[in-house]
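As provided, final.pdb (PDB, C-alpha atoms) reads as follows.
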ATOM      1  CA  MET A 150       0.000   0.000   0.000
ATOM      2  CA  LYS A 151       1.525   3.290  -1.116
ATOM      3  CA  ILE A 152       0.966   6.657   0.569
ATOM      4  CA  GLY A 153       1.784   9.801  -1.397
ATOM      5  CA  LEU A 154       3.077  12.879   0.416
ATOM      6  CA  ASP A 155       3.033  16.355  -1.117
ATOM      7  CA  VAL A 156       6.539  17.367  -0.074
ATOM      8  CA  MET A 157       6.142  20.911  -1.401
ATOM      9  CA  GLY A 158       2.951  21.677   0.561
ATOM     10  CA  GLY A 159       2.973  23.742   3.743
ATOM     11  CA  ASP A 160       4.547  26.879   5.150
ATOM     12  CA  TYR A 161       7.729  25.040   6.124
ATOM     13  CA  ALA A 162       8.081  22.752   3.122
ATOM     14  CA  PRO A 163      10.137  20.938   2.016
ATOM     15  CA  GLU A 164      12.168  20.897   5.252
ATOM     16  CA  ALA A 165       9.293  19.999   7.583
ATOM     17  CA  THR A 166       7.662  17.564   5.156
ATOM     18  CA  VAL A 167      10.815  15.543   4.501
ATOM     19  CA  LEU A 168      11.715  15.456   8.204
ATOM     20  CA  GLY A 169       8.154  14.391   8.975
ATOM     21  CA  ALA A 170       8.429  11.619   6.389
ATOM     22  CA  ILE A 171      11.637  10.408   8.045
ATOM     23  CA  LYS A 172       9.894  10.337  11.434
ATOM     24  CA  ALA A 173       6.989   8.385   9.954
ATOM     25  CA  LEU A 174       9.283   5.584   8.766
ATOM     26  CA  ASP A 175       9.605   4.213  12.295
ATOM     27  CA  HIS A 176       5.826   3.993  12.719
ATOM     28  CA  LEU A 177       4.543   2.791   9.364
ATOM     29  CA  SER A 178       3.812  -0.893   9.020
ATOM     30  CA  LYS A 179       5.760  -2.992   6.534
ATOM     31  CA  GLU A 180       2.791  -3.013   4.181
ATOM     32  CA  HIS A 181       3.067   0.756   3.682
ATOM     33  CA  ARG A 182       5.434   2.453   1.242
ATOM     34  CA  LEU A 183       5.785   6.223   1.471
ATOM     35  CA  VAL A 184       6.146   8.076  -1.839
ATOM     36  CA  LEU A 185       7.620  11.578  -1.716
ATOM     37  CA  ILE A 186       6.158  13.858  -4.409
ATOM     38  CA  GLY A 187       8.105  17.034  -5.100
ATOM     39  CA  ASP A 188      11.401  18.559  -6.160
ATOM     40  CA  SER A 189      13.754  15.559  -6.119
ATOM     41  CA  GLU A 190      16.918  17.645  -5.766
ATOM     42  CA  LYS A 191      15.629  19.370  -2.632
ATOM     43  CA  ILE A 192      14.328  16.081  -1.225
ATOM     44  CA  LEU A 193      17.607  14.235  -1.791
ATOM     45  CA  THR A 194      19.611  17.085  -0.274
ATOM     46  CA  ILE A 195      17.683  16.812   2.991
ATOM     47  CA  LEU A 196      17.796  13.001   3.030
ATOM     48  CA  ARG A 197      21.560  12.960   2.535
ATOM     49  CA  ARG A 198      22.048  15.602   5.207
ATOM     50  CA  GLU A 199      20.057  13.434   7.636
ATOM     51  CA  ASN A 200      21.955  10.279   6.566
ATOM     52  CA  ILE A 201      18.787   8.603   5.301
ATOM     53  CA  ASP A 202      18.955   6.122   2.448
ATOM     54  CA  PRO A 203      16.785   7.548  -0.380
ATOM     55  CA  SER A 204      15.674   4.009  -1.230
ATOM     56  CA  SER A 205      13.654   4.065   2.010
ATOM     57  CA  PHE A 206      11.071   6.043   0.027
ATOM     58  CA  GLY A 207       9.502   6.120  -3.352
ATOM     59  CA  LEU A 208      10.285   9.373  -5.165
ATOM     60  CA  THR A 209       8.297  11.207  -7.839
ATOM     61  CA  HIS A 210       9.869  14.384  -9.175
ATOM     62  CA  THR A 211       7.687  17.421  -9.864
ATOM     63  CA  SER A 212       8.751  20.542 -11.674
ATOM     64  CA  ASP A 213       6.398  22.983  -9.967
ATOM     65  CA  HIS A 214       4.345  23.531  -6.834
ATOM     66  CA  ILE A 215       1.258  25.478  -5.841
ATOM     67  CA  GLU A 216       1.982  28.317  -3.438
ATOM     68  CA  MET A 217      -0.158  28.806  -0.346
ATOM     69  CA  GLY A 218      -1.412  32.142  -1.713
ATOM     70  CA  ASP A 219      -2.190  30.929  -5.243
ATOM     71  CA  HIS A 220      -5.746  30.995  -6.547
ATOM     72  CA  PRO A 221      -6.874  27.355  -6.145
ATOM     73  CA  SER A 222      -8.671  26.750  -9.462
ATOM     74  CA  LYS A 223      -6.219  28.688 -11.613
ATOM     75  CA  ALA A 224      -3.188  27.153  -9.917
ATOM     76  CA  PHE A 225      -4.417  23.569 -10.262
ATOM     77  CA  THR A 226      -5.163  23.930 -13.982
ATOM     78  CA  GLN A 227      -2.200  26.155 -14.856
ATOM     79  CA  LYS A 228       0.357  24.099 -12.919
ATOM     80  CA  PRO A 229      -0.178  20.510 -14.112
ATOM     81  CA  GLY A 230       3.373  19.687 -13.034
ATOM     82  CA  SER A 231       2.783  20.750  -9.436
ATOM     83  CA  SER A 232       3.104  18.320  -6.537
ATOM     84  CA  ILE A 233      -0.633  18.546  -5.798
ATOM     85  CA  ALA A 234      -1.675  17.943  -9.416
ATOM     86  CA  ILE A 235       0.779  15.061  -9.831
ATOM     87  CA  GLY A 236      -0.287  13.573  -6.503
ATOM     88  CA  TYR A 237      -3.928  13.520  -7.592
ATOM     89  CA  LYS A 238      -2.958  12.042 -10.963
ATOM     90  CA  MET A 239      -1.111   9.221  -9.185
ATOM     91  CA  LEU A 240      -4.088   8.713  -6.888
ATOM     92  CA  ARG A 241      -6.550   8.554  -9.781
ATOM     93  CA  GLU A 242      -4.393   6.070 -11.684
ATOM     94  CA  GLY A 243      -3.879   3.825  -8.664
ATOM     95  CA  GLU A 244      -0.152   4.469  -8.294
ATOM     96  CA  ILE A 245      -0.765   5.510  -4.673
ATOM     97  CA  HIS A 246      -3.604   4.525  -2.333
ATOM     98  CA  GLY A 247      -3.708   7.673  -0.212
ATOM     99  CA  PHE A 248      -2.561  11.261  -0.640
ATOM    100  CA  ALA A 249      -1.602  13.682   2.130
ATOM    101  CA  SER A 250      -0.815  17.395   1.866
ATOM    102  CA  ALA A 251      -0.417  20.412   4.134
ATOM    103  CA  GLY A 252      -0.455  22.654   1.082
ATOM    104  CA  ASN A 253      -3.038  24.985  -0.431
ATOM    105  CA  THR A 254      -6.370  23.681   0.934
ATOM    106  CA  GLY A 255      -8.395  25.241  -1.864
ATOM    107  CA  ALA A 256      -6.243  23.556  -4.489
ATOM    108  CA  MET A 257      -6.612  20.231  -2.677
ATOM    109  CA  LEU A 258     -10.397  20.605  -2.838
ATOM    110  CA  VAL A 259     -10.292  21.628  -6.504
ATOM    111  CA  GLY A 260      -8.189  18.554  -7.176
ATOM    112  CA  ILE A 261     -11.037  16.353  -6.009
ATOM    113  CA  ARG A 262     -13.377  17.761  -8.639
ATOM    114  CA  TYR A 263     -10.786  17.379 -11.391
ATOM    115  CA  SER A 264      -9.570  13.901 -10.516
ATOM    116  CA  VAL A 265     -10.994  11.444  -7.965
ATOM    117  CA  LYS A 266     -14.434  13.138  -7.696
ATOM    118  CA  GLU A 267     -17.192  12.517  -5.157
ATOM    119  CA  ILE A 268     -18.711   9.103  -4.520
ATOM    120  CA  PRO A 269     -21.982   8.811  -6.502
ATOM    121  CA  GLY A 270     -24.863   9.702  -4.208
ATOM    122  CA  ILE A 271     -22.814  12.027  -2.015
ATOM    123  CA  ILE A 272     -24.264  15.530  -2.168
ATOM    124  CA  ARG A 273     -21.283  17.261  -0.530
ATOM    125  CA  PRO A 274     -18.078  15.787   0.927
ATOM    126  CA  ALA A 275     -17.104  16.728   4.470
ATOM    127  CA  ILE A 276     -13.979  17.310   6.518
ATOM    128  CA  ALA A 277     -13.983  15.515   9.863
ATOM    129  CA  SER A 278     -11.936  16.559  12.884
ATOM    130  CA  VAL A 279     -11.185  14.664  16.084
ATOM    131  CA  ILE A 280     -11.988  16.258  19.453
ATOM    132  CA  PRO A 281     -10.297  14.820  22.572
ATOM    133  CA  THR A 282     -12.523  13.727  25.448
ATOM    134  CA  LEU A 283     -11.812  13.723  29.180
ATOM    135  CA  SER A 284     -11.884   9.938  29.405
ATOM    136  CA  GLY A 285      -9.050   9.612  26.874
ATOM    137  CA  GLY A 286     -11.237   8.864  23.872
ATOM    138  CA  ALA A 287     -12.313  11.085  20.990
ATOM    139  CA  THR A 288     -15.403  12.574  19.386
ATOM    140  CA  ILE A 289     -15.691  13.257  15.662
ATOM    141  CA  LEU A 290     -16.958  16.647  14.490
ATOM    142  CA  LEU A 291     -18.077  17.243  10.901
ATOM    143  CA  ASP A 292     -18.180  19.308   8.791
ATOM    144  CA  VAL A 293     -15.409  21.676   9.889
ATOM    145  CA  GLY A 294     -14.951  23.818   6.823
ATOM    146  CA  ILE A 295     -15.877  22.622   3.353
ATOM    147  CA  ASN A 296     -19.542  23.633   3.386
ATOM    148  CA  PRO A 297     -20.457  26.725   5.428
ATOM    149  CA  ASP A 298     -24.103  26.314   4.404
ATOM    150  CA  SER A 299     -25.594  22.825   4.471
ATOM    151  CA  ARG A 300     -29.113  21.626   3.731
ATOM    152  CA  PRO A 301     -30.791  19.056   5.983
ATOM    153  CA  ASP A 302     -30.169  16.226   3.492
ATOM    154  CA  VAL A 303     -26.463  17.099   3.446
ATOM    155  CA  LEU A 304     -26.292  17.081   7.255
ATOM    156  CA  TYR A 305     -28.101  13.739   7.239
ATOM    157  CA  GLN A 306     -25.377  12.309   5.010
ATOM    158  CA  TYR A 307     -22.759  13.698   7.391
ATOM    159  CA  GLY A 308     -24.312  11.488  10.049
ATOM    160  CA  ILE A 309     -23.651   8.458   7.857
ATOM    161  CA  LEU A 310     -20.110   9.551   6.937
ATOM    162  CA  GLY A 311     -19.170  10.357  10.518
ATOM    163  CA  SER A 312     -20.582   7.070  11.771
ATOM    164  CA  LEU A 313     -18.572   5.070   9.229
ATOM    165  CA  TYR A 314     -15.393   6.973  10.080
ATOM    166  CA  ALA A 315     -15.888   6.423  13.809
ATOM    167  CA  GLU A 316     -16.581   2.731  13.334
ATOM    168  CA  HIS A 317     -13.849   1.781  10.874
ATOM    169  CA  VAL A 318     -10.993   4.164  11.716
ATOM    170  CA  LEU A 319     -11.520   4.861  15.438
ATOM    171  CA  ASN A 320     -12.978   1.369  16.055
ATOM    172  CA  ILE A 321     -16.067   2.643  17.915
ATOM    173  CA  GLU A 322     -18.832   0.054  17.859
ATOM    174  CA  ASN A 323     -22.281   1.376  16.894
ATOM    175  CA  PRO A 324     -21.210   5.056  17.178
ATOM    176  CA  ARG A 325     -23.731   7.492  18.660
ATOM    177  CA  VAL A 326     -24.518  10.392  16.323
ATOM    178  CA  GLY A 327     -25.785  13.724  17.618
ATOM    179  CA  LEU A 328     -26.946  16.911  15.900
ATOM    180  CA  LEU A 329     -25.347  20.082  17.265
ATOM    181  CA  ASN A 330     -28.020  22.480  18.482
ATOM    182  CA  ILE A 331     -28.762  25.127  21.118
ATOM    183  CA  GLY A 332     -30.862  22.710  23.161
ATOM    184  CA  THR A 333     -31.615  19.016  23.420
ATOM    185  CA  GLU A 334     -35.348  19.359  22.814
ATOM    186  CA  GLU A 335     -36.674  18.388  19.396
ATOM    187  CA  SER A 336     -38.320  21.811  19.007
ATOM    188  CA  LYS A 337     -35.075  23.790  19.533
ATOM    189  CA  GLY A 338     -32.891  25.393  16.895
ATOM    190  CA  ASN A 339     -33.213  27.161  13.575
ATOM    191  CA  LEU A 340     -35.161  25.860  10.590
ATOM    192  CA  ILE A 341     -32.207  23.849   9.273
ATOM    193  CA  ALA A 342     -31.663  22.130  12.626
ATOM    194  CA  LYS A 343     -35.349  21.325  13.056
ATOM    195  CA  SER A 344     -35.647  19.932   9.525
ATOM    196  CA  THR A 345     -32.483  17.880   9.967
ATOM    197  CA  TYR A 346     -33.780  16.472  13.248
ATOM    198  CA  ASP A 347     -36.965  15.381  11.470
ATOM    199  CA  LEU A 348     -34.859  13.486   8.917
ATOM    200  CA  MET A 349     -32.630  11.864  11.519
ATOM    201  CA  LYS A 350     -35.020  10.925  14.299
ATOM    202  CA  ASP A 351     -36.377   7.714  12.745
ATOM    203  CA  THR A 352     -33.311   6.717  10.728
ATOM    204  CA  ASN A 353     -31.898   3.216  10.496
ATOM    205  CA  ASP A 354     -28.746   4.452   8.730
ATOM    206  CA  PHE A 355     -26.949   5.376  11.958
ATOM    207  CA  ASN A 356     -27.440   5.454  15.716
ATOM    208  CA  PHE A 357     -29.032   8.875  16.210
ATOM    209  CA  VAL A 358     -29.153  10.017  19.860
ATOM    210  CA  GLY A 359     -30.798  13.407  19.293
ATOM    211  CA  ASN A 360     -29.649  16.984  19.711
ATOM    212  CA  VAL A 361     -26.424  17.718  21.568
ATOM    213  CA  GLU A 362     -25.114  21.035  22.863
ATOM    214  CA  GLY A 363     -21.786  22.785  23.156
ATOM    215  CA  ASN A 364     -21.343  21.498  26.691
ATOM    216  CA  ASP A 365     -21.350  17.936  25.336
ATOM    217  CA  PHE A 366     -17.964  18.517  23.709
ATOM    218  CA  PHE A 367     -14.988  16.846  25.430
ATOM    219  CA  ARG A 368     -17.213  14.139  26.954
ATOM    220  CA  ASP A 369     -17.965  10.755  25.428
ATOM    221  CA  ASP A 370     -20.757   9.597  27.741
ATOM    222  CA  LYS A 371     -23.437  10.747  25.302
ATOM    223  CA  VAL A 372     -22.152  11.077  21.740
ATOM    224  CA  ASP A 373     -19.348   9.856  19.445
ATOM    225  CA  VAL A 374     -20.106  11.872  16.282
ATOM    226  CA  ILE A 375     -21.349  15.468  16.240
ATOM    227  CA  VAL A 376     -22.911  16.797  13.043
ATOM    228  CA  CYS A 377     -23.021  20.492  12.095
ATOM    229  CA  ASP A 378     -22.487  22.723   9.067
ATOM    230  CA  GLY A 379     -18.992  23.814   8.084
ATOM    231  CA  PHE A 380     -19.459  27.368   9.348
ATOM    232  CA  VAL A 381     -20.220  26.313  12.908
ATOM    233  CA  GLY A 382     -17.719  23.452  12.811
ATOM    234  CA  ASN A 383     -14.885  25.696  11.691
ATOM    235  CA  VAL A 384     -15.667  28.248  14.407
ATOM    236  CA  VAL A 385     -15.612  25.481  17.022
ATOM    237  CA  LEU A 386     -12.315  24.128  15.677
ATOM    238  CA  LYS A 387     -10.627  27.538  15.627
ATOM    239  CA  ALA A 388     -11.924  28.290  19.133
ATOM    240  CA  MET A 389     -10.348  25.075  20.399
ATOM    241  CA  GLU A 390      -7.050  25.981  18.739
ATOM    242  CA  ALA A 391      -7.156  29.421  20.387
ATOM    243  CA  PHE A 392      -7.966  27.849  23.749
ATOM    244  CA  TYR A 393      -4.980  25.525  23.449
ATOM    245  CA  THR A 394      -2.700  28.443  22.538
ATOM    246  CA  MET A 395      -3.931  30.387  25.571
ATOM    247  CA  ILE A 396      -3.315  27.397  27.854
ATOM    248  CA  ARG A 397       0.263  27.102  26.575
ATOM    249  CA  GLU A 398       0.946  30.816  26.931
ATOM    250  CA  ARG A 399      -0.222  30.662  30.549
ATOM    251  CA  GLU A 400       2.091  27.688  31.072
ATOM    252  CA  VAL A 401      -0.665  25.394  32.296
ATOM    253  CA  LYS A 402       0.597  21.809  32.387
ATOM    254  CA  ASP A 403      -2.101  19.210  31.872
ATOM    255  CA  SER A 404      -2.075  16.013  29.813
ATOM    256  CA  PHE A 405      -5.667  16.535  28.639
ATOM    257  CA  PHE A 406      -4.974  19.976  27.208
ATOM    258  CA  ASP A 407      -1.865  18.621  25.493
ATOM    259  CA  ARG A 408      -4.220  16.553  23.352
ATOM    260  CA  PHE A 409      -5.586  19.752  21.796
ATOM    261  CA  ASN A 410      -2.300  20.241  19.967
ATOM    262  CA  PHE A 411      -3.090  19.798  16.268
ATOM    263  CA  GLU A 412       0.334  18.209  15.826
ATOM    264  CA  ASN A 413      -1.016  15.076  17.497
ATOM    265  CA  TYR A 414      -3.627  14.536  14.785
ATOM    266  CA  GLY A 415      -1.737  15.767  11.750
ATOM    267  CA  GLY A 416      -4.690  16.332   9.465
ATOM    268  CA  THR A 417      -8.315  15.715   8.619
ATOM    269  CA  PRO A 418      -9.659  13.230   6.045
ATOM    270  CA  ILE A 419     -12.056  14.314   3.343
ATOM    271  CA  LEU A 420     -15.057  12.001   3.544
ATOM    272  CA  GLY A 421     -17.302  11.147   0.623
ATOM    273  CA  ILE A 422     -14.778  11.077  -2.228
ATOM    274  CA  ASN A 423     -13.487   8.214  -4.376
ATOM    275  CA  SER A 424     -10.123   7.891  -2.684
ATOM    276  CA  ASN A 425      -8.191   8.566   0.517
ATOM    277  CA  VAL A 426      -7.156  12.207   0.929
ATOM    278  CA  VAL A 427      -5.964  13.877   4.131
ATOM    279  CA  ILE A 428      -5.420  17.638   4.472
ATOM    280  CA  GLY A 429      -2.988  19.017   7.017
ATOM    281  CA  HIS A 430      -2.571  22.436   8.627
ATOM    282  CA  GLY A 431      -0.478  24.889   6.610
ATOM    283  CA  ILE A 432       1.752  25.574   9.622
ATOM    284  CA  SER A 433       2.492  21.868  10.124
ATOM    285  CA  ASN A 434       5.917  21.038  11.514
ATOM    286  CA  ASP A 435       7.667  17.684  11.160
ATOM    287  CA  ILE A 436       5.654  16.076  13.992
ATOM    288  CA  ALA A 437       2.343  17.136  12.453
ATOM    289  CA  ILE A 438       3.488  15.879   9.041
ATOM    290  CA  LYS A 439       4.427  12.518  10.571
ATOM    291  CA  ASN A 440       0.978  12.154  12.120
ATOM    292  CA  MET A 441      -0.740  13.275   8.907
ATOM    293  CA  ILE A 442       1.069  10.479   7.074
ATOM    294  CA  LEU A 443       0.111   7.922   9.715
ATOM    295  CA  LEU A 444      -3.548   9.004   9.622
ATOM    296  CA  THR A 445      -3.573   8.639   5.834
ATOM    297  CA  GLY A 446      -2.240   5.120   6.251
ATOM    298  CA  GLU A 447      -4.936   4.280   8.816
ATOM    299  CA  VAL A 448      -7.722   5.605   6.586
ATOM    300  CA  ALA A 449      -6.386   3.668   3.586
ATOM    301  CA  LYS A 450      -5.879   0.483   5.616
ATOM    302  CA  ALA A 451      -9.452   0.665   6.922
ATOM    303  CA  ASN A 452     -10.744   0.716   3.328
ATOM    304  CA  LEU A 453     -12.951   3.601   4.414
ATOM    305  CA  THR A 454     -13.614   4.797   0.869
ATOM    306  CA  GLU A 455     -14.831   1.357  -0.175
ATOM    307  CA  LYS A 456     -17.081   1.117   2.880
ATOM    308  CA  ILE A 457     -18.628   4.537   2.188
ATOM    309  CA  ASN A 458     -19.048   3.604  -1.462
ATOM    310  CA  ALA A 459     -20.878   0.419  -0.497
ATOM    311  CA  VAL A 460     -23.427   2.437   1.503
ATOM    312  CA  PHE A 461     -24.123   5.085  -1.128
ATOM    313  CA  THR A 462     -23.971   3.105  -4.383
TER
END

Translate the structure described by the file into structure tokens.
Amino acid sequence: MKIGLDVMGGDYAPEATVLGAIKALDHLSKEHRLVLIGDSEKILTILRRENIDPSSFGLTHTSDHIEMGDHPSKAFTQKPGSSIAIGYKMLREGEIHGFASAGNTGAMLVGIRYSVKEIPGIIRPAIASVIPTLSGGATILLDVGINPDSRPDVLYQYGILGSLYAEHVLNIENPRVGLLNIGTEESKGNLIAKSTYDLMKDTNDFNFVGNVEGNDFFRDDKVDVIVCDGFVGNVVLKAMEAFYTMIREREVKDSFFDRFNFENYGGTPILGINSNVVIGHGISNDIAIKNMILLTGEVAKANLTEKINAVFT
């Protein structure tokens, strides 16, 4: 099983990406082969400096890369030799089984439309993020950014996607799915929330436990998957990142708060597309890159795309 890494993606690429790839070598199973996609001269320079045998990796040279500030659609079409475009081409043609990048998020999303595309039946893909819980487990939140406005039928599908991710990647049996709202009562919320509740309440597609509130975050006694639109999800995610930064600046030492560090998760998978794609934070360092690679391997190993496809097609 081959995992492709966009070596040129991220604020600190290629230094952080290559170092992250080196760190990942010690944690990847023997069935995984990591393919570095980017400027081969720069990659080899770093590998030699670190005394790493280049044969430890696959290597695909690219002549260009998409900058973080580039316009996503224009860059993807006008830079066919970029690491993102080549990575998606390899993914589409089966040369790699998963693709990870901390590069231009917009270009990564455009690449889906131009190459692997959405699974038939999926209205909108979603990005899922993991939230640590006090007991040591995790809750999945989706969507956290792709779709700021989501119809009830889209949110319903997020319940299915999140449930499959929780079951097959996090190994949670019969995951409990909740709809984020301002109250637990069925009558609470805006029109979208009420309509979504009506769709979910009698479903057999996932284990719906009703509305959940903001104070249900960080606990796993009630819910395993929390569904919301990308606007709310992204606000929640950024608020958690700010909270973690504040905790660090105040020099509070606590193992639970350490789990808020995005480095520990590396990236977020895009659910509902025809292959395995994980997007990392643009400011990812080598530790975050390592964990993004490992997550991509876990998603690919779980055959999550095939399992989602089986439900929707």

Exercise for review: Would you kindly identify which residues have an atom no farther than 7 Å from (-14.9, 23.2, 9.9), using all atoms listed in the file and the file's own coordinates, and write them out as number ranges by chain?
Suggested key: A: 276, 291-295, 379-384, 386

Review point. Which polymer residues have any atom within 8 Å of an atom of range 441-454 of chain A, counting all atoms listed in the file, with same-chain residues fewer than 5 positions away left out, as a count of residues only?
Key: 30

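Note on the selection: in this file the PyMOL selection byres ((chain A and resi 214) around 8) comes out as A:Met157, A:Gly158, A:Gly187, A:Thr211, A:Ser212, A:Asp213, A:Ile215, A:Glu216, A:Lys228, A:Gly230, A:Ser231, A:Ser232, A:Ile233.
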
Review point. So which residues get picked by the PyMOL selection byres ((chain A and resi 371) around 9) here, written as a PyMOL selection string?
Key: chain A and resi 325+327+358+361+365+368-370+372-373

Exercise for review: Could you give me, as JSON, numbers by chain, the residues that have an atom at most 6 Å away from the point (-28.5, 19.7, 20.0) in the coordinates of the file, using only C-alpha atoms?
Suggested key: {"A": [328, 329, 330, 331, 332, 333, 360, 361, 362]}

Exercise for review: Just give me the gap between CA of Ile419 in chain A and CA of Ser404 in chain A in Å, one decimal is fine.
Suggested key: 28.3 Å

Review point. For the file shown, what are the residues hit by the PyMOL selection byres ((chain A and resi 410) around 12), laid out as a PyMOL selection string?
Key: chain A and resi 279-281+386-387+389-397+403-409+411-416+430+433-434+436-437+440

Check your understanding: Between CA of Ile201 in chain A and CA of Ile245 in chain A, what is the distance, to one decimal in Å?
Key -> 22.2 Å

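Going from CA of Ser278 in chain A to CA of Ser336 in chain A covers 27.6 Å.
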
Review point. Nearest to Leu319 in chain A among A:Leu340, A:Val265, A:Val374, A:Ile438, with distances taken over all atoms listed in the file: which residue is it?
Key: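 Of A:Leu340, A:Val265, A:Val374, A:Ile438, the one nearest Leu319 in chain A is A:Val374, counting all atoms listed in the file.
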
Practice item. Excluding Arg182 in chain A and any residue of its chain fewer than 4 positions from it, enumerate the residues within 7 Å of it, using only C-alpha atoms, and give them as a PyMOL selection string. Key: chain A and resi 150-152+206

Exercise for review: Find the residue from A:Phe461, A:Phe357, A:Tyr263, A:Phe225 that sits nearest to Val376 in chain A; use all atoms listed in the file when measuring.
Suggested key: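 When distances to Val376 in chain A are compared using all atoms listed in the file, the smallest one comes from A:Phe357.
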
Quick one: residues within 10 Å of Thr226 in chain A, all atoms listed in the file counted, chain neighbours fewer than 6 positions away excluded, as a short mmCIF file (atom, residue, chain, number, x, y, z; two decimals) with C-alpha atoms, keeping the file's coordinate frame?
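After the write, result.cif holds the following:
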data_model
loop_
_atom_site.label_atom_id
_atom_site.label_comp_id
_atom_site.auth_asym_id
_atom_site.auth_seq_id
_atom_site.Cartn_x
_atom_site.Cartn_y
_atom_site.Cartn_z
CA ALA A 234 -1.68 17.94 -9.42
CA ALA A 256 -6.24 23.56 -4.49
CA VAL A 259 -10.29 21.63 -6.50
CA GLY A 260 -8.19 18.55 -7.18
CA TYR A 263 -10.79 17.38 -11.39
#

Check your understanding: Out of A:Leu258, A:Leu240, A:Leu174, A:Leu183, which residue has the shortest atom-to-atom distance to Ala275 in chain A when counting all atoms listed in the file?
Key ->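 Among the listed residues, A:Leu258 lies closest to Ala275 in chain A.
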
Neighbours of Ser312 in chain A within 7 Å (only C-alpha atoms; same-chain residues fewer than 4 positions away dropped), as a PDB file with C-alpha atoms, in the coordinates of the input?
ATOM      1  CA  GLY A 308     -24.312  11.488  10.049  1.00  0.00           C
ATOM      2  CA  GLU A 316     -16.581   2.731  13.334  1.00  0.00           C
ATOM      3  CA  PRO A 324     -21.210   5.056  17.178  1.00  0.00           C
ATOM      4  CA  VAL A 326     -24.518  10.392  16.323  1.00  0.00           C
ATOM      5  CA  PHE A 355     -26.949   5.376  11.958  1.00  0.00           C
ATOM      6  CA  VAL A 374     -20.106  11.872  16.282  1.00  0.00           C
TER       7      VAL A 374
END

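Compared by their closest atoms to Thr194 in chain A, and using only C-alpha atoms, the residues A:Thr209, A:Glu400, A:Tyr161, A:Val167 rank with A:Val167 nearest.
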
Review point. For Ser264 in chain A, which residue out of A:Gly236, A:Asp188, A:Gly285, A:Ser250 is the nearest one, using only C-alpha atoms?
Key: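 Using only C-alpha atoms, the shortest distance to Ser264 in chain A belongs to A:Gly236.
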